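For reference, the structure discussed in these notes is given below.
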Amino acid sequence: MEITKAKELVIKAGKEIAAEGLIARTWGNISCRTDENHFVISASGKEYETLTPDEVVEMDIENLAYEGKIKPSSEKKAHREIYKLKEDAGFIIHTHQHNASAVSAMGQYRVKLDREYEGIGDFVLVSEYGLPSTSHVSDKVAEAVYDSIGKAVIMSNHGAICYGKDYDEAFLVARNLEEACGKYLEFIGVEPWDGEEDHFEELWNTSSVVMKYIDVRAKLPAYLDDFAQMVGPELKILSQAEANEEVIAKAVSENKPILVSGKGAMCNAATKSDQIAMSMIIEKNARAALASLGVKPIGRYEAMFMRQFYLQKYSKLKNKNFEEETE
């Protein structure tokens with residue numbers, strides 16, 4: 001495929017996965033094969049809604065070499081492994097989609113589905129957990145892709161990676177996976193994502209999933225990587241008496257979320273965009289926690305490491321990108 005066309009498709013896909021709620025902020029990544037030796041992939045830390053052709057990076061499949069100052073996605077190794085393994089892989093979408101993410105935290109290796117789904121089959125494999133962007137993650141994704149009968153793999157405590165021969169098939173697989181995982185959650189008694197983003201009003205997320213979890217638990221641990229990165233190892237759930245004016249004012253001043261029993265999640269953050277992302281991630285993590293009761297969450301050390309890395313690297317990169325766009 002001609003490089004310009006491939007970049008256009010990656011940009012189009014970025015807007016589409018953001019619009020469909022398959023990612024929050026700049027998490028996730030997209031790539032398109034251009035020939036047997038190269039692919040293009042979305043850049044690290046760039047917003048999908050404003051992604052430009054210069055921010056879609058051409059890479060060598062064999063050695064991951066690229067030119068220029070724009071850094072490719074940190075999950076480039078996983079994409080490379082799929083292109084090397086699967087000759088029919090022409091387009092790859094790595095999402096943090098709601099229902100698949102919830103299933104990803106359940107500690108399973110193989111998820112039996114209610115029926116066969118096009119591009120997936122009647123089961124989906126879950127790759128072994130590892131810290132994001134590490135070789136361990138890409139190696140384990142490759143193993144699961146190799147063993148899978150379909151074109152989707154769930155990544156433990158993280159999200160999903162879906163591929164197809166082209167743009168349309170990759171999206172078909174991603175959407176079918178979300179439907180299948182939604183049916184699976186319904187079967188085990190967990191409310192799946194309804195496809196809506198209207199649970200966030202002003203500062204509060206009052207979705208039924210969030211309310212159900214925080215009204216019966218003492219804390220919300222990190223079951224998903226993006227929660228660990230944006231929030232940390234856990235959030236304590238406060239009673240309404242504990243969430244007094246002083247506590248709320250402190251949380252607002254420090255841009256920190258709080259959970260209040262009977263009221264919901266107060267999604268404090270630096271910007272409106274960050275508040276919406278925080279709302280999405282808390283709700284997604286609450287759903288994963290409900291689906292994974294009795295299963296250990298992400299380790300405290302790993303969650304703390306991801307939080308610090310996010311603060312030191314990702315936030316700085318996002319701020320740098322904003323400054324460049326406003327110059």
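Residues are referred to by chain and number: the chain letter is A, B, ... according to the order shown in the structure tokens, the number counts from 1 in that chain, and ligands are numbered separately from 1 in the order shown.
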**Item:** Test item: residues at most 7 Å from Pro221 in chain A, only C-alpha atoms, excluding those fewer than 3 positions along its chain, as JSON, numbers by chain
**Value:** {"A": [233, 234, 235, 297]}
Residues from last step as file, N, CA and C atoms, as a PDB file, in the first residue's frame:
ATOM      1  N   PRO A 233      -2.173   2.819  42.655  1.00  0.00           N
ATOM      2  CA  PRO A 233      -2.515   1.444  43.051  1.00  0.00           C
ATOM      3  C   PRO A 233      -3.962   1.252  43.470  1.00  0.00           C
ATOM      4  N   GLU A 234      -4.592   2.290  44.070  1.00  0.00           N
ATOM      5  CA  GLU A 234      -5.962   2.132  44.532  1.00  0.00           C
ATOM      6  C   GLU A 234      -6.557   3.478  44.904  1.00  0.00           C
ATOM      7  N   LEU A 235      -7.878   3.502  45.009  1.00  0.00           N
ATOM      8  CA  LEU A 235      -8.603   4.655  45.541  1.00  0.00           C
ATOM      9  C   LEU A 235      -9.442   4.186  46.728  1.00  0.00           C
ATOM     10  N   PRO A 297      -5.631  -7.981  42.023  1.00  0.00           N
ATOM     11  CA  PRO A 297      -5.427  -6.846  41.106  1.00  0.00           C
ATOM     12  C   PRO A 297      -3.960  -6.760  40.699  1.00  0.00           C
TER      13      PRO A 297
END
Can you check which parts of range 45-105 of chain A lie within 9 Å of range 127-134 of chain A? Per residue, the shortest pair of atoms and distance in Å to one decimal, counting only C-alpha atoms, sorted by chain and number, as JSON lines.
{"residue": "A:Ser73", "atom": "CA", "partner": "A:Ser133", "partner_atom": "CA", "distance": 8.9}
{"residue": "A:Ser74", "atom": "CA", "partner": "A:Ser133", "partner_atom": "CA", "distance": 5.4}
{"residue": "A:Glu75", "atom": "CA", "partner": "A:Ser133", "partner_atom": "CA", "distance": 5.1}
{"residue": "A:Lys76", "atom": "CA", "partner": "A:Ser133", "partner_atom": "CA", "distance": 8.2}
{"residue": "A:Lys77", "atom": "CA", "partner": "A:Ser133", "partner_atom": "CA", "distance": 8.0}
{"residue": "A:Ala78", "atom": "CA", "partner": "A:Ser133", "partner_atom": "CA", "distance": 8.6}
{"residue": "A:Ser104", "atom": "CA", "partner": "A:Ser127", "partner_atom": "CA", "distance": 8.9}
Dump all heavy atoms for the selected residues as a compact mmCIF listing (two decimals), in the first residue's frame?
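Result file follows (part-v4.txt):
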# COMPACT_ATOMS: atom_id res chain seq x y z
N SER A 73 4.73 4.62 18.48
CA SER A 73 4.08 4.05 19.65
C SER A 73 5.00 3.11 20.41
O SER A 73 5.78 2.35 19.82
CB SER A 73 2.82 3.29 19.23
OG SER A 73 2.33 2.51 20.29
N SER A 74 4.88 3.14 21.73
CA SER A 74 5.70 2.28 22.57
C SER A 74 5.34 0.80 22.42
O SER A 74 6.10 -0.07 22.85
CB SER A 74 5.57 2.69 24.04
OG SER A 74 4.22 2.63 24.45
N GLU A 75 4.18 0.50 21.83
CA GLU A 75 3.77 -0.89 21.62
C GLU A 75 4.13 -1.38 20.21
O GLU A 75 3.56 -2.35 19.72
CB GLU A 75 2.26 -1.03 21.85
CG GLU A 75 1.81 -0.69 23.26
CD GLU A 75 2.23 -1.69 24.31
OE1 GLU A 75 2.87 -2.70 23.94
OE2 GLU A 75 1.94 -1.46 25.50
N LYS A 76 5.08 -0.73 19.58
CA LYS A 76 5.48 -1.09 18.21
C LYS A 76 5.94 -2.54 18.08
O LYS A 76 5.75 -3.17 17.04
CB LYS A 76 6.58 -0.14 17.73
CG LYS A 76 7.80 -0.08 18.63
CD LYS A 76 8.74 1.02 18.21
CE LYS A 76 9.93 1.16 19.16
NZ LYS A 76 9.50 1.68 20.50
N LYS A 77 6.56 -3.07 19.15
CA LYS A 77 7.06 -4.45 19.07
C LYS A 77 5.93 -5.45 18.90
O LYS A 77 6.07 -6.43 18.15
CB LYS A 77 7.88 -4.78 20.32
CG LYS A 77 9.17 -4.00 20.45
CD LYS A 77 9.90 -4.37 21.75
CE LYS A 77 11.18 -3.56 21.91
NZ LYS A 77 11.86 -3.87 23.19
N ALA A 78 4.82 -5.21 19.60
CA ALA A 78 3.68 -6.13 19.47
C ALA A 78 3.14 -6.11 18.05
O ALA A 78 2.80 -7.16 17.47
CB ALA A 78 2.59 -5.75 20.46
N SER A 104 -10.30 -8.84 30.62
CA SER A 104 -8.84 -9.03 30.66
C SER A 104 -8.31 -9.18 32.08
O SER A 104 -7.20 -9.69 32.28
CB SER A 104 -8.14 -7.83 29.99
OG SER A 104 -8.02 -6.72 30.87
**DSSP strand (DSSP E or B) selection over range 17-231 of chain A, as a PyMOL selection string** = chain A and resi 29-35+38-43+56-60+72+91-95+110-117+121-127+152-155+159-164+200-201+204-205+219-221
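Non-sequential neighbours of Asn268 in chain A (distance at most 10 Å, separation of 5 or more positions within a chain, only C-alpha atoms) are Glu202, Leu203, Trp204, Ile248, Ala251, Val252, Ser253, Glu254, Asn255, Lys256, Pro257, Ile258, Asp274, Gln275, Ile276, Met278 and Ser279 of chain A.
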Let me see the file: selected residues, all heavy atoms, as a short mmCIF file (atom, residue, chain, number, x, y, z; two decimals), in the first residue's frame.
data_model
loop_
_atom_site.label_atom_id
_atom_site.label_comp_id
_atom_site.auth_asym_id
_atom_site.auth_seq_id
_atom_site.Cartn_x
_atom_site.Cartn_y
_atom_site.Cartn_z
N GLU A 202 -20.69 17.26 35.03
CA GLU A 202 -19.88 18.14 35.87
C GLU A 202 -18.64 17.36 36.31
O GLU A 202 -17.85 16.96 35.49
CB GLU A 202 -20.68 18.66 37.05
CG GLU A 202 -21.85 19.56 36.64
CD GLU A 202 -21.40 20.83 35.91
OE1 GLU A 202 -20.29 21.32 36.17
OE2 GLU A 202 -22.17 21.32 35.07
N LEU A 203 -18.50 17.12 37.62
CA LEU A 203 -17.31 16.41 38.11
C LEU A 203 -17.59 14.95 38.45
O LEU A 203 -16.67 14.22 38.81
CB LEU A 203 -16.77 17.10 39.38
CG LEU A 203 -15.99 18.39 39.19
CD1 LEU A 203 -15.66 19.00 40.54
CD2 LEU A 203 -14.72 18.15 38.41
N TRP A 204 -18.83 14.50 38.33
CA TRP A 204 -19.22 13.21 38.91
C TRP A 204 -19.55 12.15 37.86
O TRP A 204 -20.22 12.42 36.88
CB TRP A 204 -20.43 13.40 39.82
CG TRP A 204 -20.10 14.16 41.07
CD1 TRP A 204 -20.16 15.51 41.22
CD2 TRP A 204 -19.66 13.63 42.31
NE1 TRP A 204 -19.78 15.86 42.49
CE2 TRP A 204 -19.46 14.72 43.19
CE3 TRP A 204 -19.40 12.34 42.77
CZ2 TRP A 204 -19.02 14.56 44.50
CZ3 TRP A 204 -18.96 12.18 44.09
CH2 TRP A 204 -18.78 13.27 44.93
N ILE A 248 -13.13 17.39 50.12
CA ILE A 248 -13.45 17.65 48.71
C ILE A 248 -12.63 18.81 48.17
O ILE A 248 -12.09 18.74 47.06
CB ILE A 248 -14.96 17.91 48.54
CG1 ILE A 248 -15.74 16.61 48.76
CG2 ILE A 248 -15.26 18.49 47.16
CD1 ILE A 248 -17.24 16.75 48.67
N ALA A 251 -9.11 17.63 47.48
CA ALA A 251 -9.04 16.79 46.28
C ALA A 251 -9.12 17.64 45.02
O ALA A 251 -8.38 17.41 44.05
CB ALA A 251 -10.18 15.77 46.30
N VAL A 252 -9.98 18.65 45.04
CA VAL A 252 -10.11 19.54 43.88
C VAL A 252 -8.82 20.32 43.66
O VAL A 252 -8.32 20.44 42.54
CB VAL A 252 -11.30 20.51 44.06
CG1 VAL A 252 -11.28 21.57 42.97
CG2 VAL A 252 -12.62 19.74 44.02
N SER A 253 -8.24 20.83 44.74
CA SER A 253 -7.02 21.63 44.61
C SER A 253 -5.83 20.81 44.13
O SER A 253 -4.93 21.32 43.47
CB SER A 253 -6.68 22.29 45.95
OG SER A 253 -6.30 21.32 46.92
N GLU A 254 -5.84 19.50 44.46
CA GLU A 254 -4.74 18.62 44.07
C GLU A 254 -5.03 17.84 42.79
O GLU A 254 -4.23 17.02 42.37
CB GLU A 254 -4.43 17.64 45.20
CG GLU A 254 -3.91 18.32 46.47
CD GLU A 254 -3.67 17.34 47.60
OE1 GLU A 254 -4.06 16.16 47.48
OE2 GLU A 254 -3.09 17.76 48.62
N ASN A 255 -6.19 18.10 42.17
CA ASN A 255 -6.60 17.40 40.94
C ASN A 255 -6.61 15.88 41.13
O ASN A 255 -6.18 15.13 40.25
CB ASN A 255 -5.69 17.78 39.77
CG ASN A 255 -5.85 19.22 39.36
OD1 ASN A 255 -6.96 19.76 39.36
ND2 ASN A 255 -4.74 19.87 39.04
N LYS A 256 -7.13 15.44 42.29
CA LYS A 256 -7.17 14.01 42.58
C LYS A 256 -8.62 13.53 42.66
O LYS A 256 -9.45 14.19 43.29
CB LYS A 256 -6.45 13.72 43.90
CG LYS A 256 -4.95 13.92 43.84
CD LYS A 256 -4.30 13.55 45.16
CE LYS A 256 -2.78 13.72 45.08
NZ LYS A 256 -2.13 13.38 46.36
N PRO A 257 -8.92 12.38 42.07
CA PRO A 257 -10.29 11.86 42.15
C PRO A 257 -10.58 11.30 43.53
O PRO A 257 -9.66 10.89 44.25
CB PRO A 257 -10.30 10.75 41.10
CG PRO A 257 -8.87 10.25 41.10
CD PRO A 257 -8.02 11.48 41.31
N ILE A 258 -11.84 11.27 43.91
CA ILE A 258 -12.26 10.59 45.13
C ILE A 258 -13.54 9.81 44.85
O ILE A 258 -14.32 10.16 43.97
CB ILE A 258 -12.50 11.58 46.30
CG1 ILE A 258 -13.54 12.64 45.94
CG2 ILE A 258 -11.19 12.21 46.75
CD1 ILE A 258 -13.93 13.51 47.12
N ASP A 274 -9.13 15.81 30.73
CA ASP A 274 -8.61 14.85 31.71
C ASP A 274 -9.72 14.33 32.62
O ASP A 274 -9.71 13.17 33.03
CB ASP A 274 -7.51 15.50 32.55
CG ASP A 274 -6.22 15.69 31.78
OD1 ASP A 274 -6.13 15.18 30.65
OD2 ASP A 274 -5.31 16.35 32.30
N GLN A 275 -10.70 15.19 32.95
CA GLN A 275 -11.82 14.76 33.77
C GLN A 275 -12.63 13.68 33.06
O GLN A 275 -13.03 12.68 33.67
CB GLN A 275 -12.71 15.96 34.11
CG GLN A 275 -12.10 16.94 35.09
CD GLN A 275 -12.92 18.20 35.22
OE1 GLN A 275 -13.95 18.36 34.56
NE2 GLN A 275 -12.47 19.12 36.05
N ILE A 276 -12.87 13.88 31.77
CA ILE A 276 -13.63 12.90 31.00
C ILE A 276 -12.87 11.58 30.91
O ILE A 276 -13.44 10.50 31.07
CB ILE A 276 -13.94 13.46 29.60
CG1 ILE A 276 -14.90 14.64 29.71
CG2 ILE A 276 -14.52 12.38 28.70
CD1 ILE A 276 -15.10 15.41 28.42
N MET A 278 -10.61 10.54 33.06
CA MET A 278 -10.63 9.97 34.41
C MET A 278 -11.95 9.25 34.67
O MET A 278 -11.97 8.14 35.22
CB MET A 278 -10.44 11.08 35.44
CG MET A 278 -10.37 10.60 36.88
SD MET A 278 -8.81 9.80 37.27
CE MET A 278 -7.74 11.25 37.38
N SER A 279 -13.05 9.86 34.27
CA SER A 279 -14.36 9.25 34.44
C SER A 279 -14.44 7.91 33.71
O SER A 279 -14.89 6.91 34.27
CB SER A 279 -15.45 10.19 33.92
OG SER A 279 -16.72 9.58 33.95
#
Within 12 Å of range 183-191 of chain A, which residues of range 209-281 of chain A show up? Give each one with its shortest atom-to-atom distance in Å (one decimal) and the two atoms involved, counting only C-alpha atoms, rows by chain then rising residue number, as JSON lines.
{"residue": "A:Val209", "atom": "CA", "partner": "A:Glu191", "partner_atom": "CA", "distance": 6.9}
{"residue": "A:Val210", "atom": "CA", "partner": "A:Glu191", "partner_atom": "CA", "distance": 10.6}
{"residue": "A:Met211", "atom": "CA", "partner": "A:Glu191", "partner_atom": "CA", "distance": 11.9}
{"residue": "A:Lys212", "atom": "CA", "partner": "A:Glu191", "partner_atom": "CA", "distance": 10.0}
{"residue": "A:Tyr213", "atom": "CA", "partner": "A:Val190", "partner_atom": "CA", "distance": 10.7}
With N, CA and C atoms retained, export the selected residues as a short mmCIF file (atom, residue, chain, number, x, y, z; two decimals), in the first residue's frame.
data_model
loop_
_atom_site.label_atom_id
_atom_site.label_comp_id
_atom_site.auth_asym_id
_atom_site.auth_seq_id
_atom_site.Cartn_x
_atom_site.Cartn_y
_atom_site.Cartn_z
N VAL A 209 -22.51 0.99 37.31
CA VAL A 209 -21.35 0.15 37.58
C VAL A 209 -20.52 0.74 38.70
N VAL A 210 -20.24 2.05 38.62
CA VAL A 210 -19.47 2.71 39.67
C VAL A 210 -20.23 2.67 40.99
N MET A 211 -21.52 2.99 40.96
CA MET A 211 -22.30 3.03 42.19
C MET A 211 -22.38 1.64 42.83
N LYS A 212 -22.58 0.62 42.04
CA LYS A 212 -22.68 -0.75 42.58
C LYS A 212 -21.40 -1.15 43.27
N TYR A 213 -20.26 -0.81 42.67
CA TYR A 213 -18.99 -1.21 43.27
C TYR A 213 -18.70 -0.44 44.55
#
**Request:** Taking the chain letters and numbering used in this document, name the residues of range 103-319 of chain A that DSSP puts in alpha helix (DSSP H), as a ChimeraX atom specification.
**Result:** /A:103-104,135-147,167-187,208-214,225-230,245-253,272-291,300-309,315-319
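Atom pair CA of Thr95 in chain A / CA of Ile214 in chain A: separated by 26.1 Å.
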Skip Glu49 in chain A itself and residues of its chain fewer than 2 positions away, then list as an mmCIF file with C-alpha atoms, in the first residue's frame all residues within 9 Å of it, counting only C-alpha atoms.
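To be explicit, this is the file written out as out00.cif:
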data_model
loop_
_atom_site.group_PDB
_atom_site.id
_atom_site.type_symbol
_atom_site.label_atom_id
_atom_site.label_comp_id
_atom_site.auth_asym_id
_atom_site.auth_seq_id
_atom_site.Cartn_x
_atom_site.Cartn_y
_atom_site.Cartn_z
ATOM 1 C CA ILE A 11 -5.486 8.854 11.106
ATOM 2 C CA GLY A 14 -7.626 7.042 15.348
ATOM 3 C CA LYS A 15 -10.614 9.345 15.079
ATOM 4 C CA GLU A 16 -12.952 6.366 14.858
ATOM 5 C CA ALA A 18 -11.807 7.724 19.929
ATOM 6 C CA ALA A 19 -15.364 8.451 18.770
ATOM 7 C CA LYS A 46 -0.276 12.122 20.284
ATOM 8 C CA GLU A 47 -4.003 12.859 20.447
ATOM 9 C CA LEU A 51 -3.128 13.331 14.512
#
**Prompt:** If you count only C-alpha atoms, which residues fall within 10 Å of Trp27 in chain A, apart from same-chain ones fewer than 2 positions away, as a VMD selection string?
**Reply:** chain A and resid 18 22 to 25 29 44 to 48 73 94 to 96 159 226
**Message:** Need to verify the contact set: range 169-180 of chain A, 7 Å, only C-alpha atoms, exclusion of same-chain residues closer than 5 positions in sequence. Can you return it as a VMD selection string?
**Reply:** chain A and resid 91 to 93 99 to 100 113 117 119 to 120 151 to 152 162 to 164
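The interatomic distance for the pair CA of Ile161 in chain A and CA of Lys7 in chain A works out to 19.1 Å.
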